[in-house]
Every structure is written in structure tokens, then in C-alpha cells.
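*Asks:* Below is the file start_13.pdb, with PDB, C-alpha atoms.
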ATOM      1  CA  MET A   1      -5.101 164.220  21.138
ATOM      2  CA  ARG A   2      -8.265 163.327  19.227
ATOM      3  CA  HIS A   3      -6.292 160.947  17.013
ATOM      4  CA  ALA A   4      -4.886 159.083  20.017
ATOM      5  CA  ALA A   5      -8.375 158.725  21.510
ATOM      6  CA  LEU A   6      -9.743 157.478  18.178
ATOM      7  CA  ALA A   7      -6.914 154.937  17.848
ATOM      8  CA  ALA A   8      -7.508 153.679  21.399
ATOM      9  CA  THR A   9     -11.245 153.297  20.707
ATOM     10  CA  LEU A  10     -10.571 151.341  17.501
ATOM     11  CA  LEU A  11      -8.109 149.097  19.335
ATOM     12  CA  LEU A  12     -10.683 148.316  22.040
ATOM     13  CA  LEU A  13     -13.328 147.539  19.411
ATOM     14  CA  ALA A  14     -10.948 145.224  17.487
ATOM     15  CA  SER A  15      -9.938 143.294  20.610
ATOM     16  CA  GLY A  16     -13.596 142.944  21.635
ATOM     17  CA  THR A  17     -14.480 141.609  18.177
ATOM     18  CA  ALA A  18     -11.615 139.093  18.308
ATOM     19  CA  ARG A  19     -12.767 137.905  21.752
ATOM     20  CA  ALA A  20     -16.339 137.521  20.495
ATOM     21  CA  GLN A  21     -15.147 135.526  17.458
ATOM     22  CA  ASN A  22     -13.042 133.213  19.647
ATOM     23  CA  GLU A  23     -15.969 132.694  22.026
ATOM     24  CA  GLY A  24     -18.285 131.958  19.087
ATOM     25  CA  PHE A  25     -15.805 129.388  17.708
ATOM     26  CA  ARG A  26     -15.575 127.684  21.121
ATOM     27  CA  ARG A  27     -19.369 127.428  21.327
ATOM     28  CA  TYR A  28     -19.563 126.055  17.756
ATOM     29  CA  GLU A  29     -16.778 123.586  18.467
ATOM     30  CA  SER A  30     -18.407 122.295  21.637
ATOM     31  CA  LYS A  31     -21.705 121.685  19.789
ATOM     32  CA  ASN A  32     -20.524 120.372  16.404
ATOM     33  CA  VAL A  33     -17.150 118.616  16.746
ATOM     34  CA  ARG A  34     -17.481 114.990  17.767
ATOM     35  CA  GLU A  35     -14.878 113.443  19.963
ATOM     36  CA  VAL A  36     -13.045 110.733  18.014
ATOM     37  CA  PRO A  37     -11.054 108.210  20.031
ATOM     38  CA  GLY A  38      -7.374 108.952  19.645
ATOM     39  CA  ARG A  39      -8.012 112.508  18.425
ATOM     40  CA  ASP A  40      -8.444 115.791  20.243
ATOM     41  CA  SER A  41     -11.420 118.166  19.836
ATOM     42  CA  VAL A  42     -10.174 119.657  16.539
ATOM     43  CA  GLY A  43      -9.248 116.342  14.941
ATOM     44  CA  ARG A  44      -5.501 116.273  15.592
ATOM     45  CA  LEU A  45      -3.897 113.000  16.590
ATOM     46  CA  SER A  46      -3.409 112.883  20.318
ATOM     47  CA  VAL A  47      -2.522 109.217  20.716
ATOM     48  CA  PRO A  48       0.382 108.009  18.557
ATOM     49  CA  GLN A  49      -1.054 104.467  18.359
ATOM     50  CA  ALA A  50      -4.221 105.832  16.690
ATOM     51  CA  VAL A  51      -2.457 106.672  13.419
ATOM     52  CA  GLN A  52      -4.169 104.144  11.200
ATOM     53  CA  GLU A  53      -5.301 100.599  11.566
ATOM     54  CA  ARG A  54      -3.749  98.410   8.900
ATOM     55  CA  ALA A  55      -4.011  94.796   7.959
ATOM     56  CA  VAL A  56      -1.165  92.562   9.050
ATOM     57  CA  THR A  57       1.585  92.514   6.430
ATOM     58  CA  THR A  58       2.342  89.091   5.039
ATOM     59  CA  ALA A  59       5.431  87.854   3.193
ATOM     60  CA  ARG A  60       3.448  88.037  -0.056
ATOM     61  CA  ASP A  61       2.831  91.775   0.484
ATOM     62  CA  ASP A  62       6.582  92.401   0.407
ATOM     63  CA  ASP A  63       7.390  89.905  -2.352
ATOM     64  CA  SER A  64      10.044  91.040  -4.851
ATOM     65  CA  LEU A  65       7.498  91.040  -7.711
ATOM     66  CA  VAL A  66       5.123  93.258  -5.725
ATOM     67  CA  GLN A  67       7.992  95.585  -4.804
ATOM     68  CA  ALA A  68       9.119  95.813  -8.444
ATOM     69  CA  ILE A  69       5.615  96.779  -9.558
ATOM     70  CA  GLU A  70       4.983  99.249  -6.729
ATOM     71  CA  HIS A  71       8.368 100.944  -7.220
ATOM     72  CA  ARG A  72       7.253 101.825 -10.770
ATOM     73  CA  ILE A  73       3.961 103.486  -9.706
ATOM     74  CA  HIS A  74       3.443 106.887  -8.036
ATOM     75  CA  CYS A  75       1.297 107.054  -4.944
ATOM     76  CA  THR A  76      -1.557 109.453  -5.714
ATOM     77  CA  CYS A  77      -1.714 110.917  -2.197
ATOM     78  CA  GLY A  78       0.591 113.750  -3.276
ATOM     79  CA  CYS A  79       3.728 112.584  -1.460
ATOM     80  CA  ASN A  80       5.688 112.070  -4.731
ATOM     81  CA  LEU A  81       6.866 108.643  -3.563
ATOM     82  CA  ASP A  82       6.283 105.296  -5.169
ATOM     83  CA  VAL A  83       3.527 103.103  -3.735
ATOM     84  CA  PHE A  84       5.854 100.685  -1.929
ATOM     85  CA  THR A  85       7.912 103.424  -0.237
ATOM     86  CA  CYS A  86       4.826 105.389   0.786
ATOM     87  CA  ARG A  87       3.106 102.246   2.058
ATOM     88  CA  THR A  88       6.081 101.180   4.173
ATOM     89  CA  THR A  89       7.162 104.589   5.504
ATOM     90  CA  ASP A  90       4.104 106.882   5.744
ATOM     91  CA  PHE A  91       1.663 105.190   8.084
ATOM     92  CA  THR A  92      -0.794 108.096   7.916
ATOM     93  CA  CYS A  93      -1.406 107.590   4.180
ATOM     94  CA  ALA A  94      -4.626 105.794   3.312
ATOM     95  CA  THR A  95      -4.005 105.903  -0.450
ATOM     96  CA  SER A  96      -0.954 103.639  -0.726
ATOM     97  CA  PRO A  97      -2.590 100.657   1.078
ATOM     98  CA  ALA A  98      -5.584 100.970  -1.273
ATOM     99  CA  MET A  99      -3.289 101.071  -4.308
ATOM    100  CA  HIS A 100      -1.400  98.070  -2.890
ATOM    101  CA  ARG A 101      -4.665  96.145  -2.595
ATOM    102  CA  ALA A 102      -5.460  97.032  -6.233
ATOM    103  CA  VAL A 103      -2.033  95.751  -7.338
ATOM    104  CA  MET A 104      -2.538  92.535  -5.358
ATOM    105  CA  ALA A 105      -6.013  92.054  -6.892
ATOM    106  CA  LYS A 106      -4.570  92.451 -10.383
ATOM    107  CA  LEU A 107      -1.829  89.928  -9.587
ATOM    108  CA  ASP A 108      -4.458  87.527  -8.195
ATOM    109  CA  SER A 109      -6.305  87.761 -11.524
ATOM    110  CA  ASN A 110      -3.198  86.241 -13.209
ATOM    111  CA  MET A 111      -1.879  89.496 -14.718
ATOM    112  CA  THR A 112       1.862  89.841 -15.301
ATOM    113  CA  ALA A 113       3.884  92.704 -13.834
ATOM    114  CA  ALA A 114       3.875  94.573 -17.167
ATOM    115  CA  GLN A 115       0.104  94.120 -17.480
ATOM    116  CA  VAL A 116      -0.427  95.494 -13.955
ATOM    117  CA  VAL A 117       1.651  98.588 -14.715
ATOM    118  CA  ASP A 118      -0.156  99.046 -18.057
ATOM    119  CA  ALA A 119      -3.525  98.738 -16.316
ATOM    120  CA  CYS A 120      -2.508 101.417 -13.799
ATOM    121  CA  GLU A 121      -1.314 103.641 -16.653
ATOM    122  CA  ARG A 122      -4.640 103.209 -18.472
ATOM    123  CA  GLN A 123      -6.542 104.027 -15.286
ATOM    124  CA  TYR A 124      -4.507 107.055 -14.105
ATOM    125  CA  GLY A 125      -2.545 108.176 -17.184
ATOM    126  CA  GLN A 126       1.217 108.474 -17.679
ATOM    127  CA  SER A 127       1.559 110.650 -14.575
ATOM    128  CA  ILE A 128       1.165 107.510 -12.431
ATOM    129  CA  LEU A 129       4.501 106.145 -13.681
ATOM    130  CA  MET A 130       7.694 106.948 -11.786
ATOM    131  CA  GLN A 131       9.618 107.162 -15.097
ATOM    132  CA  PRO A 132       8.204 108.263 -18.437
ATOM    133  CA  PRO A 133       7.806 105.298 -20.796
ATOM    134  CA  LYS A 134      10.486 104.950 -23.468
ATOM    135  CA  ARG A 135       8.194 105.556 -26.409
ATOM    136  CA  GLY A 136       6.994 108.462 -28.534
ATOM    137  CA  PHE A 137       8.015 111.969 -27.568
ATOM    138  CA  ASN A 138       9.352 110.716 -24.217
ATOM    139  CA  TRP A 139      12.490 109.484 -26.001
ATOM    140  CA  THR A 140      13.666 113.101 -26.057
ATOM    141  CA  ALA A 141      13.989 113.032 -22.273
ATOM    142  CA  TYR A 142      16.372 110.097 -22.557
ATOM    143  CA  VAL A 143      18.311 111.167 -25.680
ATOM    144  CA  THR A 144      18.663 114.958 -25.268
ATOM    145  CA  PRO A 145      21.287 114.943 -22.469
ATOM    146  CA  PHE A 146      23.603 112.689 -24.483
ATOM    147  CA  VAL A 147      23.124 114.720 -27.679
ATOM    148  CA  ALA A 148      23.863 117.952 -25.796
ATOM    149  CA  LEU A 149      26.967 116.401 -24.218
ATOM    150  CA  GLY A 150      28.213 115.208 -27.629
ATOM    151  CA  LEU A 151      27.641 118.620 -29.240
ATOM    152  CA  GLY A 152      29.428 120.319 -26.356
ATOM    153  CA  ALA A 153      32.413 117.997 -26.761
ATOM    154  CA  LEU A 154      32.546 118.676 -30.531
ATOM    155  CA  LEU A 155      32.394 122.452 -30.009
ATOM    156  CA  LEU A 156      35.095 122.297 -27.344
ATOM    157  CA  GLY A 157      37.317 120.183 -29.632
ATOM    158  CA  ALA A 158      36.864 122.638 -32.537
ATOM    159  CA  TRP A 159      37.678 125.606 -30.320
ATOM    160  CA  MET A 160      40.774 123.882 -28.895
ATOM    161  CA  ARG A 161      41.959 122.988 -32.440
ATOM    162  CA  SER A 162      41.595 126.593 -33.660
ATOM    163  CA  TRP A 163      43.331 127.894 -30.530
ATOM    164  CA  ILE A 164      46.287 125.524 -31.007
ATOM    165  CA  ARG A 165      46.597 126.451 -34.736
ATOM    166  CA  ALA A 166      46.642 130.167 -33.878
ATOM    167  CA  ARG A 167      49.687 129.785 -31.613
ATOM    168  CA  PRO A 168      53.173 130.241 -33.181
ATOM    169  CA  LYS A 169      54.859 127.019 -34.350
ATOM    170  CA  ASP A 170      58.345 127.734 -32.904
ATOM    171  CA  GLY A 171      57.242 127.448 -29.294
ATOM    172  CA  GLY A 172      57.027 131.150 -28.503
ATOM    173  CA  ALA A 173      60.665 132.187 -29.194
ATOM    174  CA  ALA A 174      59.544 134.404 -32.083
ATOM    175  CA  ALA A 175      56.953 136.067 -29.869
ATOM    176  CA  GLU A 176      59.612 137.011 -27.273
ATOM    177  CA  ALA A 177      62.045 138.539 -29.823
ATOM    178  CA  PRO A 178      59.834 141.479 -30.919
ATOM    179  CA  ALA A 179      59.075 142.234 -27.295
ATOM    180  CA  GLN A 180      62.827 142.427 -26.500
ATOM    181  CA  ASP A 181      63.490 144.665 -29.542
ATOM    182  CA  SER A 182      60.735 147.093 -28.648
ATOM    183  CA  ALA A 183      61.769 147.392 -24.986
ATOM    184  CA  PRO A 184      64.800 149.717 -25.551
ATOM    185  CA  ALA A 185      62.803 151.896 -27.964
ATOM    186  CA  GLU A 186      60.028 152.180 -25.392
ATOM    187  CA  LEU A 187      62.534 153.129 -22.677
ATOM    188  CA  GLU A 188      63.966 155.865 -24.880
ATOM    189  CA  ARG A 189      60.539 157.269 -25.574
ATOM    190  CA  LEU A 190      59.690 157.288 -21.864
ATOM    191  CA  LYS A 191      62.961 159.090 -21.048
ATOM    192  CA  ARG A 192      62.195 161.779 -23.653
ATOM    193  CA  GLU A 193      58.694 162.259 -22.245
ATOM    194  CA  LEU A 194      60.093 162.490 -18.715
ATOM    195  CA  GLU A 195      62.648 165.146 -19.797
ATOM    196  CA  LYS A 196      59.866 167.205 -21.428
ATOM    197  CA  PHE A 197      57.833 166.952 -18.253
ATOM    198  CA  GLU A 198      60.738 168.043 -15.997
ATOM    199  CA  ALA A 199      61.690 171.027 -18.190
TER     200      ALA A 199
END
Kindly transcribe the structure held in the file into C-alpha cells.

*Replies:*
Amino acid sequence: MRHAALAATLLLLASGTARAQNEGFRRYESKNVREVPGRDSVGRLSVPQAVQERAVTTARDDDSLVQAIEHRIHCTCGCNLDVFTCRTTDFTCATSPAMHRAVMAKLDSNMTAAQVVDACERQYGQSILMQPPKRGFNWTAYVTPFVALGLGALLLGAWMRSWIRARPKDGGAAAEAPAQDSAPAELERLKRELEKFEA
């Protein structure tokens, strides 16, 4: 009985503490959280049109050269997409438009596509590239699958050759003959064992 009363008291204390914490958070929120147009009191989007204001996209922004460059560069927002795909599909990302502006500025300074990608690699490291460059140790990523496939084919061919050589040359007729000769002897032995068992 004492344990039940103790448990009930603890439950009342815990629920009172939770209520006090919630009330304290509401008071803090009402004092410290500013109302942002298009967002609710805790910062969530409440108006779909308030996602992000962006500059008007021009034909130059979607030029094939710009697309080719941006498809080779990771967006650093953490989405694991390239800059062009993130910029044109995730309208909440603020990183991809900034990276797009950097690419456009580099192109405006008369850099070639390869120079733009190299400049991004120098700035962010190799992790910015969508594919590892085909140089140095990275060649192993490109060569290893083909080497493994070739070795597997050679091993399979050697195993098949040894398996075929181990089979009899006369097509299996010699293998059937001993089995037919041993069948009557085996039947006789089984009959003798059966007679011993019945006696």
C-alpha cells in the first residue's frame, strides 16, 4: 500500500514539473521569439510562398555550359546532389544559389569550364567533385572492378577446364557399367542380411 502511495506521489510531482516546464517555455517563447512574416512562432514555414526569395532565372543561368559545370560539383548544403540539381529542385536551399553565383562570376572572369571546376576543387578539396578525378590513387576506383571481373573469369575458366578433364572421355558409358555390375551383388548381400534378421 505504501508503494502505491509513493508511486502516485511521484507521478503527481512529475506531471507538475512537466506542466511548469511547458509554461516556462511558453513564457520564454512569447518574450524572445520574433514573429517573422511567413513563419509561425517557432520558425516553421506557415506560408508556402515564403520559402525563399530568388533572383529571376535567365537563359544564361541554365546554359548548357553552366549545367555541365554545375553537374560536376557537389552542393555543400549536405543534400548530396550536384549544384544544378539542388538549385533547380530544392527551393529551400540557400547554398546552391550562392555556389551558382560563384560559378557565374568565375565564368564572367573568362575562365574555362575546366578552370572553374579546378578552382572549386582548390577551394573545397576533392570532396566537392561528383566523381573522383582520374589521377593518382583514384585510378584504383576505376580499374579495380574490371581487374576483379577479369580475374573471376580466369578462375571460372580454369575451374571449368579442370572439371571437364576430370569427366570420363567415353561419355559416361564406362561409369554406368560398374554400377550395373555391382547392383546384383548388392541385392544378394541385402537378401542375406534380411534372412539373418528374420531368423

*Asks:* Could you work out how far atom CA of A:Asn138 lies from atom CA of A:Met111, giving the answer in Å with one decimal?

*Replies:* 25.8 Å

*Asks:* Which polymer residues have any atom within 10 Å of an atom of A:Ala98, counting only C-alpha atoms, with same-chain residues fewer than 5 positions away left out, as an mmCIF file with C-alpha atoms, keeping the file's coordinate frame?

*Replies:*
data_model
loop_
_atom_site.group_PDB
_atom_site.id
_atom_site.type_symbol
_atom_site.label_atom_id
_atom_site.label_comp_id
_atom_site.auth_asym_id
_atom_site.auth_seq_id
_atom_site.Cartn_x
_atom_site.Cartn_y
_atom_site.Cartn_z
ATOM 1 C CA CYS A 75 1.297 107.054 -4.944
ATOM 2 C CA VAL A 83 3.527 103.103 -3.735
ATOM 3 C CA ARG A 87 3.106 102.246 2.058
ATOM 4 C CA CYS A 93 -1.406 107.590 4.180
ATOM 5 C CA VAL A 103 -2.033 95.751 -7.338
ATOM 6 C CA MET A 104 -2.538 92.535 -5.358
#

*Asks:* Could you please determine the separation between atom CA of A:Met130 and atom CA of A:Thr85 in Å, to one decimal place?

*Replies:* 12.1 Å

*Asks:* Adding 8 Å on each side of the box along x, y and z that holds all listed atoms of stretch 120-126 of chain A, could you give its centre and edge lengths in Å to one decimal, as JSON?

*Replies:*
{"center_x": -2.7, "center_y": 104.9, "center_z": -16.1, "size_x": 23.8, "size_y": 23.1, "size_z": 20.7}

*Asks:* Stretch 119-124 of chain A: which residues within 10 Å, counting only C-alpha atoms, same-chain residues fewer than 2 positions away excluded, as a list in words?

*Replies:*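 In the requested form, the answer reads Ile73, His74, Thr76, Met99, Ala102, Val103, Lys106, Met111, Ala113, Ala114, Gln115, Val116, Val117, Gln126, Ser127, Ile128 and Leu129 of chain A.
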
*Asks:* What is the atom CA of A:Asn80 to atom CA of A:Gln67 distance in Å?

*Replies:*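 So the two atoms, atom CA of A:Asn80 and atom CA of A:Gln67, lie 16.6 Å apart.
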
*Asks:* Can you tell me which residues surround A:Arg60 at a distance of at most 12 Å, considering only C-alpha atoms, apart from same-chain residues fewer than 3 positions away, and format the answer as number ranges by chain?

*Replies:* A: 56-57, 63-67, 100-101, 103-104, 107-108

*Asks:* From the structure block, carefully write stretch 84-167 of chain A out with C-alpha atoms; format it as an mmCIF file, in the first residue's frame.

*Replies:*
data_model
loop_
_atom_site.group_PDB
_atom_site.id
_atom_site.type_symbol
_atom_site.label_atom_id
_atom_site.label_comp_id
_atom_site.auth_asym_id
_atom_site.auth_seq_id
_atom_site.Cartn_x
_atom_site.Cartn_y
_atom_site.Cartn_z
ATOM 1 C CA PHE A 84 22.426 22.412 -60.693
ATOM 2 C CA THR A 85 20.005 19.736 -59.437
ATOM 3 C CA CYS A 86 19.879 21.207 -55.936
ATOM 4 C CA ARG A 87 19.412 24.724 -57.307
ATOM 5 C CA THR A 88 16.543 23.715 -59.589
ATOM 6 C CA THR A 89 14.728 21.279 -57.280
ATOM 7 C CA ASP A 90 15.314 22.310 -53.639
ATOM 8 C CA PHE A 91 13.970 25.826 -53.279
ATOM 9 C CA THR A 92 14.717 25.924 -49.545
ATOM 10 C CA CYS A 93 18.480 25.603 -50.112
ATOM 11 C CA ALA A 94 20.426 28.840 -49.826
ATOM 12 C CA THR A 95 23.788 27.218 -50.610
ATOM 13 C CA SER A 96 23.236 26.166 -54.229
ATOM 14 C CA PRO A 97 22.228 29.677 -55.445
ATOM 15 C CA ALA A 98 25.375 31.074 -53.792
ATOM 16 C CA MET A 99 27.524 28.403 -55.447
ATOM 17 C CA HIS A 100 25.777 29.152 -58.759
ATOM 18 C CA ARG A 101 26.644 32.834 -58.392
ATOM 19 C CA ALA A 102 30.283 31.861 -57.718
ATOM 20 C CA VAL A 103 30.336 29.706 -60.873
ATOM 21 C CA MET A 104 28.822 32.552 -62.906
ATOM 22 C CA ALA A 105 31.396 35.015 -61.503
ATOM 23 C CA LYS A 106 34.226 32.682 -62.492
ATOM 24 C CA LEU A 107 32.770 32.325 -65.994
ATOM 25 C CA ASP A 108 32.428 36.126 -66.227
ATOM 26 C CA SER A 109 36.146 36.420 -65.431
ATOM 27 C CA ASN A 110 36.865 34.480 -68.675
ATOM 28 C CA MET A 111 37.675 31.133 -67.015
ATOM 29 C CA THR A 112 37.032 27.936 -68.970
ATOM 30 C CA ALA A 113 34.826 25.149 -67.624
ATOM 31 C CA ALA A 114 37.869 23.093 -66.567
ATOM 32 C CA GLN A 115 39.377 26.117 -64.806
ATOM 33 C CA VAL A 116 36.118 26.730 -62.910
ATOM 34 C CA VAL A 117 35.991 23.121 -61.715
ATOM 35 C CA ASP A 118 39.695 23.250 -60.763
ATOM 36 C CA ALA A 119 39.122 26.479 -58.835
ATOM 37 C CA CYS A 120 36.249 24.864 -56.916
ATOM 38 C CA GLU A 121 38.438 21.828 -56.200
ATOM 39 C CA ARG A 122 41.232 24.069 -54.883
ATOM 40 C CA GLN A 123 38.759 25.945 -52.693
ATOM 41 C CA TYR A 124 36.811 22.970 -51.260
ATOM 42 C CA GLY A 125 39.041 19.937 -51.907
ATOM 43 C CA GLN A 126 38.311 16.778 -53.899
ATOM 44 C CA SER A 127 35.125 16.138 -51.916
ATOM 45 C CA ILE A 128 33.416 18.902 -53.928
ATOM 46 C CA LEU A 129 33.640 16.824 -57.119
ATOM 47 C CA MET A 130 30.792 14.488 -58.050
ATOM 48 C CA GLN A 131 33.311 11.951 -59.437
ATOM 49 C CA PRO A 132 36.851 11.406 -58.193
ATOM 50 C CA PRO A 133 39.398 12.767 -60.678
ATOM 51 C CA LYS A 134 41.110 10.174 -62.866
ATOM 52 C CA ARG A 135 44.577 10.698 -61.460
ATOM 53 C CA GLY A 136 46.783 9.281 -58.718
ATOM 54 C CA PHE A 137 45.327 6.727 -56.345
ATOM 55 C CA ASN A 138 41.811 7.423 -57.666
ATOM 56 C CA TRP A 139 42.595 5.261 -60.709
ATOM 57 C CA THR A 140 42.051 2.230 -58.477
ATOM 58 C CA ALA A 141 38.369 3.122 -58.200
ATOM 59 C CA TYR A 142 38.075 2.965 -61.978
ATOM 60 C CA VAL A 143 40.358 -0.032 -62.657
ATOM 61 C CA THR A 144 39.618 -2.408 -59.746
ATOM 62 C CA PRO A 145 36.144 -3.571 -60.885
ATOM 63 C CA PHE A 146 37.468 -4.578 -64.311
ATOM 64 C CA VAL A 147 40.517 -6.335 -62.835
ATOM 65 C CA ALA A 148 38.298 -8.249 -60.397
ATOM 66 C CA LEU A 149 35.927 -9.225 -63.217
ATOM 67 C CA GLY A 150 38.843 -10.451 -65.363
ATOM 68 C CA LEU A 151 40.333 -12.492 -62.502
ATOM 69 C CA GLY A 152 36.933 -14.006 -61.766
ATOM 70 C CA ALA A 153 36.527 -15.013 -65.412
ATOM 71 C CA LEU A 154 40.014 -16.603 -65.456
ATOM 72 C CA LEU A 155 39.329 -18.557 -62.252
ATOM 73 C CA LEU A 156 35.967 -19.736 -63.567
ATOM 74 C CA GLY A 157 37.570 -20.832 -66.863
ATOM 75 C CA ALA A 158 40.309 -22.775 -65.021
ATOM 76 C CA TRP A 159 37.767 -24.494 -62.792
ATOM 77 C CA MET A 160 35.553 -25.406 -65.769
ATOM 78 C CA ARG A 161 38.597 -26.801 -67.656
ATOM 79 C CA SER A 162 39.639 -28.999 -64.706
ATOM 80 C CA TRP A 163 36.048 -30.169 -64.228
ATOM 81 C CA ILE A 164 35.721 -31.146 -67.905
ATOM 82 C CA ARG A 165 39.099 -33.005 -67.846
ATOM 83 C CA ALA A 166 38.037 -34.976 -64.759
ATOM 84 C CA ARG A 167 34.960 -36.396 -66.508
#
